[in-house]
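Source file: query.txt (compact mmCIF, C-alpha atoms)
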```
# COMPACT_ATOMS: atom_id res chain seq x y z
CA MET A 85 4.80 -11.46 -4.38
CA VAL A 86 4.10 -11.25 -0.68
CA ALA A 87 4.61 -7.48 -0.63
CA ALA A 88 2.42 -7.08 -3.70
CA ALA A 89 -0.33 -9.15 -2.09
CA GLY A 90 -0.05 -7.10 1.11
CA LEU A 91 -0.26 -3.90 -0.91
CA GLY A 92 -3.37 -5.11 -2.72
CA LEU A 93 -4.96 -6.30 0.51
CA ALA A 94 -4.31 -3.02 2.31
CA LEU A 95 -5.38 -0.71 -0.50
CA SER A 96 -8.57 -2.43 -1.57
CA GLY A 97 -9.62 -2.42 2.05
CA ALA A 98 -8.80 1.27 2.24
CA ASP A 99 -11.33 2.06 -0.48
CA LEU A 100 -14.16 0.65 1.62
CA LEU A 101 -12.77 2.19 4.79
CA VAL A 102 -12.78 5.68 3.26
CA MET A 103 -16.44 5.23 2.36
CA ALA A 104 -17.26 4.02 5.87
CA PHE A 105 -15.29 6.91 7.40
CA ALA A 106 -17.19 9.49 5.34
CA GLU A 107 -20.56 7.88 6.06
CA GLN A 108 -19.89 7.51 9.79
CA ARG A 109 -18.99 11.18 10.09
CA SER A 110 -21.89 12.34 7.88
CA TYR A 111 -19.73 13.76 5.09
CA GLY A 112 -21.74 11.99 2.43
CA THR A 113 -20.48 10.17 -0.58
CA GLU A 114 -19.30 13.31 -2.41
CA ALA A 115 -16.16 13.47 -0.23
CA VAL A 116 -15.07 9.90 -1.01
CA PRO A 117 -13.79 10.46 -4.58
CA TRP A 118 -11.65 13.37 -3.36
CA VAL A 119 -10.03 11.25 -0.68
CA LEU A 120 -9.38 8.41 -3.12
CA ALA A 121 -8.04 10.90 -5.67
CA ALA A 122 -5.63 12.13 -2.99
CA LEU A 123 -4.33 8.55 -2.67
CA SER A 124 -3.77 8.44 -6.44
CA VAL A 125 -2.05 11.83 -6.50
CA GLY A 126 0.26 10.69 -3.71
CA SER A 127 1.06 7.54 -5.67
CA ALA A 128 1.89 9.52 -8.81
CA VAL A 129 4.17 11.86 -6.85
CA GLY A 130 5.79 8.92 -5.09
CA GLY A 131 6.37 7.16 -8.39
CA LEU A 132 8.01 10.22 -9.91
CA LEU A 133 10.22 10.74 -6.86
CA ASN A 134 11.15 7.05 -6.77
CA GLY A 135 12.14 7.14 -10.43
CA ALA A 136 14.30 10.23 -9.88
CA VAL A 137 16.46 8.55 -7.23
CA ASP A 138 19.58 6.59 -8.14
CA TRP A 139 19.02 3.90 -5.53
CA ARG A 140 22.04 2.34 -3.84
CA ILE A 141 19.95 0.24 -1.46
CA PRO A 142 19.09 -3.22 -2.84
CA ALA A 143 15.53 -3.69 -4.06
CA ALA A 144 14.73 -6.28 -1.38
CA GLU A 145 15.65 -3.89 1.41
CA ARG A 146 13.83 -0.98 -0.25
CA LEU A 147 10.73 -3.11 -0.70
CA ALA A 148 10.60 -3.97 2.98
CA TRP A 149 11.03 -0.34 4.06
CA LEU A 150 8.53 1.00 1.53
CA THR A 151 5.96 -1.55 2.66
CA VAL A 152 6.55 -0.63 6.32
CA ALA A 153 6.06 3.04 5.50
CA LEU A 154 2.89 2.38 3.51
CA GLY A 155 1.39 0.19 6.24
CA SER A 156 2.30 2.60 9.02
CA VAL A 157 0.81 5.67 7.35
CA LEU A 158 -2.33 3.76 6.37
CA ALA A 159 -2.77 2.48 9.92
CA LEU A 160 -2.46 6.02 11.27
CA ALA A 161 -5.00 7.34 8.72
CA GLY A 162 -7.75 5.90 10.90
CA LEU A 163 -6.90 8.50 13.54
CA ALA A 164 -7.85 11.38 11.23
CA PRO A 165 -10.33 13.73 12.90
CA GLY A 166 -12.02 14.71 9.65
CA VAL A 167 -12.31 13.87 5.98
CA TRP A 168 -9.76 16.44 4.79
CA THR A 169 -7.22 15.22 7.32
CA LEU A 170 -7.99 11.73 6.04
CA ALA A 171 -7.31 12.99 2.51
CA LEU A 172 -3.88 14.22 3.64
CA ALA A 173 -3.17 10.87 5.31
CA MET A 174 -4.23 9.03 2.17
CA THR A 175 -1.97 11.29 0.08
CA ALA A 176 0.90 10.32 2.35
CA THR A 177 -0.08 6.65 2.00
CA GLY A 178 -0.17 7.04 -1.75
CA VAL A 179 3.41 8.33 -1.83
CA PHE A 180 4.50 4.76 -1.07
CA VAL A 181 2.12 2.90 -3.42
CA ALA A 182 3.86 3.27 -6.80
CA PRO A 183 7.37 2.87 -5.35
CA THR A 184 6.32 -0.28 -3.50
CA LEU A 185 4.72 -1.83 -6.55
CA THR A 186 7.56 -0.78 -8.87
CA THR A 187 10.14 -2.20 -6.48
CA ALA A 188 8.20 -5.47 -6.21
CA TYR A 189 8.36 -5.82 -10.00
CA LEU A 190 12.07 -4.91 -10.04
CA LEU A 191 12.85 -7.45 -7.33
CA ALA A 192 10.91 -10.17 -9.13
CA ASP A 193 12.86 -9.37 -12.28
CA GLU A 194 16.18 -9.49 -10.38
CA MET A 195 15.37 -12.81 -8.74
CA ALA A 196 14.06 -14.56 -11.86
CA GLY A 197 16.24 -16.19 -14.43
CA ASP A 198 16.31 -14.83 -17.96
CA SER A 199 13.64 -17.25 -19.15
CA ALA A 200 11.31 -16.57 -16.20
CA ARG A 201 11.17 -12.76 -16.01
CA THR A 202 7.81 -12.43 -17.72
CA ARG A 203 6.31 -15.09 -15.46
CA ALA A 204 7.79 -13.40 -12.39
CA GLY A 205 6.13 -10.11 -13.34
CA ALA A 206 2.86 -11.93 -13.95
CA TRP A 207 3.07 -13.48 -10.48
CA VAL A 208 3.54 -10.03 -8.92
CA ASN A 209 0.51 -8.79 -10.84
CA ALA A 210 -1.53 -11.82 -9.78
CA ALA A 211 -0.52 -11.25 -6.16
CA VAL A 212 -1.72 -7.62 -6.24
CA ASN A 213 -5.02 -8.73 -7.75
CA ALA A 214 -5.47 -11.56 -5.25
CA GLY A 215 -4.70 -9.20 -2.38
CA SER A 216 -7.17 -6.68 -3.77
CA SER A 217 -9.91 -9.28 -3.96
CA GLY A 218 -9.30 -10.43 -0.42
CA GLY A 219 -8.94 -6.93 1.00
CA SER A 220 -12.43 -5.89 0.00
CA VAL A 221 -13.92 -8.97 1.64
CA VAL A 222 -11.89 -8.62 4.84
CA ALA A 223 -12.58 -4.89 5.16
CA GLY A 224 -16.30 -5.42 4.59
CA LEU A 225 -16.46 -8.11 7.25
CA ALA A 226 -14.34 -6.10 9.70
CA LEU A 227 -16.48 -2.98 9.27
CA GLY A 228 -19.49 -4.98 10.43
CA HIS A 229 -17.83 -5.66 13.78
CA LEU A 230 -15.09 -3.10 14.47
CA PRO A 231 -14.72 0.69 14.58
CA VAL A 232 -13.50 2.22 11.32
CA GLY A 233 -10.28 3.49 12.95
CA LEU A 234 -9.36 -0.02 14.02
CA CYS A 235 -10.16 -1.26 10.51
CA PHE A 236 -7.62 1.22 9.11
CA ALA A 237 -5.08 -0.17 11.58
CA LEU A 238 -5.82 -3.70 10.36
CA ALA A 239 -5.43 -2.65 6.72
CA GLY A 240 -2.06 -1.12 7.61
CA ALA A 241 -1.17 -4.30 9.48
CA ALA A 242 -1.65 -6.29 6.27
CA ALA A 243 1.12 -4.27 4.63
CA LEU A 244 3.29 -4.45 7.75
CA THR A 245 2.93 -8.21 7.89
CA SER A 246 3.97 -8.51 4.27
CA ALA A 247 7.01 -6.32 5.03
CA ALA A 248 8.01 -8.73 7.79
CA ALA A 249 7.70 -11.61 5.32
CA VAL A 250 9.88 -9.77 2.79
CA ARG A 251 12.53 -9.25 5.47
CA ALA A 252 12.38 -12.91 6.45
CA VAL A 253 13.02 -14.22 2.95
CA THR A 254 15.49 -11.68 1.55
CA PRO A 255 19.05 -10.97 2.64
CA LEU A 256 19.86 -7.80 4.58
CA HIS A 257 22.05 -5.11 3.08
CA PRO A 258 25.58 -5.32 4.54
```
Structure encoded using structure tokens:
Amino acid sequence: MVAAAGLGLALSGADLLVMAFAEQRSYGTEAVPWVLAALSVGSAVGGLLNGAVDWRIPAAERLAWLTVALGSVLALAGLAPGVWTLALAMTATGVFVAPTLTTAYLLADEMAGDSARTRAGAWVNAAVNAGSSGGSVVAGLALGHLPVGLCFALAGAAALTSAAAVRAVTPLHP
């Protein structure tokens, strides 16, 4: 749930940050849907690649690493010199979205007892939604006081923090 909340927090903030980035650099609003579409394309590709792999690494370990990758790439997106570079960075961020969310659901299913699997999945979903709600608020407040590049770093930090929490509560792979 923590990783799912971190994912929601980071990504909903990213939507506002992309708009602020485009506005700050005078690209106009017509560039924003393309950058957000790049995030979605990356997620679709990442989901397909994730599904094609016969994973040997436990879901808990994968979840931590996927969340680290997502947070790191998102944090670096704020360094993009232009909107098309930002679109590439958001595509790279997207590559980790579907695998992270899928792995969160898989881990919840693994950890729950037979009678609690549906509830465990619902909790993951609720965590993503709660993170998404909070991310928009936090990003909006941060944009009023901080440069947009630093706001991207903070959005990435939300995912990185959730990765640290995943590592703290799940066993390491031997």
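Shortest atom-to-atom contact with Gly224 (chain A) among A:Leu158, A:Leu185, A:Ala98, A:Ala210: A:Ala98, counting only C-alpha atoms.
Compared by their closest atoms to Arg109 (chain A), and using all atoms listed in the file, the residues A:Ala87, A:Val232, A:Ala243, A:Leu95 rank with A:Val232 nearest.
A straight line drawn from CA of Ala153 (chain A) to CA of Leu100 (chain A) is 20.7 Å long.
Across the model, the gap from CA of Glu145 (chain A) to CA of Thr187 (chain A) is 9.8 Å.
Counting from CA of Cys235 (chain A), the distance to CA of Val253 (chain A) is 27.6 Å.
Nearest to Leu163 (chain A) of all the residues A:Ala106, A:Ala121, A:Ala237, A:Leu133 is A:Ala237, counting all atoms listed in the file.
Every protein or nucleic acid residue with an atom no more than 9 Å from Gly233 (chain A), counting all atoms listed in the file and leaving out same-chain residues fewer than 3 positions away, appears here: Leu101, Phe105, Ala159, Leu160, Ala161, Gly162, Leu163, Ala164, Leu230, Phe236, Ala237 and Leu238 of chain A.
Here the question is which of A:Gly197, A:Gly205, A:Gly126, A:Gly155 gets nearest to Ala176 (chain A) using all atoms listed in the file, and that residue is A:Gly126.
Among the candidates A:Leu150, A:Ala223, A:Ala143, A:Leu172, the residue lying nearest to Leu190 (chain A) is A:Ala143 (atoms considered: only C-alpha atoms).
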*asked:* Which residues are near Ser217 (chain A)? Cut-off 8 Å, only C-alpha atoms, ignore same chain within fewer than 6 positions. Put them as a PyMOL selection string.
replied: chain A and resi 92-93+96
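Nearest to Pro231 (chain A) of all the residues A:Gly97, A:Ala104, A:Ala89, A:Ala196 is A:Ala104, counting all atoms listed in the file.
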Residue contacts of Val157 (chain A) (8 Å, only C-alpha atoms) excluding same-chain residues fewer than 5 positions away, as a compact mmCIF listing (two decimals) with C-alpha atoms, keeping the file's coordinate frame:
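The result, written out as result10.txt:
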```
# COMPACT_ATOMS: atom_id res chain seq x y z
CA ALA A 173 -3.17 10.87 5.31
CA MET A 174 -4.23 9.03 2.17
CA ALA A 176 0.90 10.32 2.35
CA THR A 177 -0.08 6.65 2.00
CA GLY A 240 -2.06 -1.12 7.61
```
_Please list as a PyMOL selection string every residue within 8 Å of region 246-250 of chain A, counting only C-alpha atoms and excluding residues in the same chain fewer than 4 positions away._
chain A and resi 86-87+89-90+144+147-149+151-152+242+254
As a PDB file, keeping the file's coordinate frame, please: region 219-238 of chain A completed to N, CA and C atoms.
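File produced: part.pdb:
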```pdb
ATOM      1  N   GLY A 219      -8.852  -8.124   0.164  1.00  0.00           N
ATOM      2  CA  GLY A 219      -8.940  -6.930   1.000  1.00  0.00           C
ATOM      3  C   GLY A 219     -10.341  -6.371   1.089  1.00  0.00           C
ATOM      4  N   SER A 220     -11.059  -6.387  -0.010  1.00  0.00           N
ATOM      5  CA  SER A 220     -12.430  -5.890   0.000  1.00  0.00           C
ATOM      6  C   SER A 220     -13.314  -6.753   0.904  1.00  0.00           C
ATOM      7  N   VAL A 221     -13.136  -8.048   0.808  1.00  0.00           N
ATOM      8  CA  VAL A 221     -13.920  -8.970   1.640  1.00  0.00           C
ATOM      9  C   VAL A 221     -13.595  -8.775   3.118  1.00  0.00           C
ATOM     10  N   VAL A 222     -12.300  -8.761   3.438  1.00  0.00           N
ATOM     11  CA  VAL A 222     -11.890  -8.620   4.840  1.00  0.00           C
ATOM     12  C   VAL A 222     -12.339  -7.286   5.417  1.00  0.00           C
ATOM     13  N   ALA A 223     -12.166  -6.208   4.662  1.00  0.00           N
ATOM     14  CA  ALA A 223     -12.580  -4.890   5.160  1.00  0.00           C
ATOM     15  C   ALA A 223     -14.090  -4.844   5.365  1.00  0.00           C
ATOM     16  N   GLY A 224     -14.844  -5.398   4.438  1.00  0.00           N
ATOM     17  CA  GLY A 224     -16.300  -5.420   4.590  1.00  0.00           C
ATOM     18  C   GLY A 224     -16.738  -6.180   5.822  1.00  0.00           C
ATOM     19  N   LEU A 225     -16.125  -7.320   6.063  1.00  0.00           N
ATOM     20  CA  LEU A 225     -16.460  -8.110   7.250  1.00  0.00           C
ATOM     21  C   LEU A 225     -16.030  -7.382   8.528  1.00  0.00           C
ATOM     22  N   ALA A 226     -14.849  -6.799   8.515  1.00  0.00           N
ATOM     23  CA  ALA A 226     -14.340  -6.100   9.700  1.00  0.00           C
ATOM     24  C   ALA A 226     -15.217  -4.899  10.036  1.00  0.00           C
ATOM     25  N   LEU A 227     -15.657  -4.171   9.024  1.00  0.00           N
ATOM     26  CA  LEU A 227     -16.480  -2.980   9.270  1.00  0.00           C
ATOM     27  C   LEU A 227     -17.806  -3.320   9.947  1.00  0.00           C
ATOM     28  N   GLY A 228     -18.258  -4.543   9.765  1.00  0.00           N
ATOM     29  CA  GLY A 228     -19.490  -4.980  10.430  1.00  0.00           C
ATOM     30  C   GLY A 228     -19.311  -5.219  11.923  1.00  0.00           C
ATOM     31  N   HIS A 229     -18.064  -5.292  12.393  1.00  0.00           N
ATOM     32  CA  HIS A 229     -17.830  -5.660  13.780  1.00  0.00           C
ATOM     33  C   HIS A 229     -16.879  -4.739  14.540  1.00  0.00           C
ATOM     34  N   LEU A 230     -16.135  -3.902  13.829  1.00  0.00           N
ATOM     35  CA  LEU A 230     -15.090  -3.100  14.470  1.00  0.00           C
ATOM     36  C   LEU A 230     -15.231  -1.624  14.094  1.00  0.00           C
ATOM     37  N   PRO A 231     -14.718  -0.734  14.945  1.00  0.00           N
ATOM     38  CA  PRO A 231     -14.720   0.690  14.580  1.00  0.00           C
ATOM     39  C   PRO A 231     -13.845   0.933  13.351  1.00  0.00           C
ATOM     40  N   VAL A 232     -14.210   1.940  12.569  1.00  0.00           N
ATOM     41  CA  VAL A 232     -13.500   2.220  11.320  1.00  0.00           C
ATOM     42  C   VAL A 232     -12.021   2.530  11.560  1.00  0.00           C
ATOM     43  N   GLY A 233     -11.687   3.199  12.646  1.00  0.00           N
ATOM     44  CA  GLY A 233     -10.280   3.490  12.950  1.00  0.00           C
ATOM     45  C   GLY A 233      -9.466   2.226  13.143  1.00  0.00           C
ATOM     46  N   LEU A 234     -10.040   1.259  13.820  1.00  0.00           N
ATOM     47  CA  LEU A 234      -9.360  -0.020  14.020  1.00  0.00           C
ATOM     48  C   LEU A 234      -9.238  -0.777  12.690  1.00  0.00           C
ATOM     49  N   CYS A 235     -10.226  -0.623  11.835  1.00  0.00           N
ATOM     50  CA  CYS A 235     -10.160  -1.260  10.510  1.00  0.00           C
ATOM     51  C   CYS A 235      -9.021  -0.686   9.678  1.00  0.00           C
ATOM     52  N   PHE A 236      -8.779   0.633   9.788  1.00  0.00           N
ATOM     53  CA  PHE A 236      -7.620   1.220   9.110  1.00  0.00           C
ATOM     54  C   PHE A 236      -6.332   0.612   9.655  1.00  0.00           C
ATOM     55  N   ALA A 237      -6.277   0.429  10.966  1.00  0.00           N
ATOM     56  CA  ALA A 237      -5.080  -0.170  11.580  1.00  0.00           C
ATOM     57  C   ALA A 237      -4.865  -1.595  11.054  1.00  0.00           C
ATOM     58  N   LEU A 238      -5.940  -2.337  10.884  1.00  0.00           N
ATOM     59  CA  LEU A 238      -5.820  -3.700  10.360  1.00  0.00           C
ATOM     60  C   LEU A 238      -5.370  -3.700   8.897  1.00  0.00           C
TER      61      LEU A 238
END
```
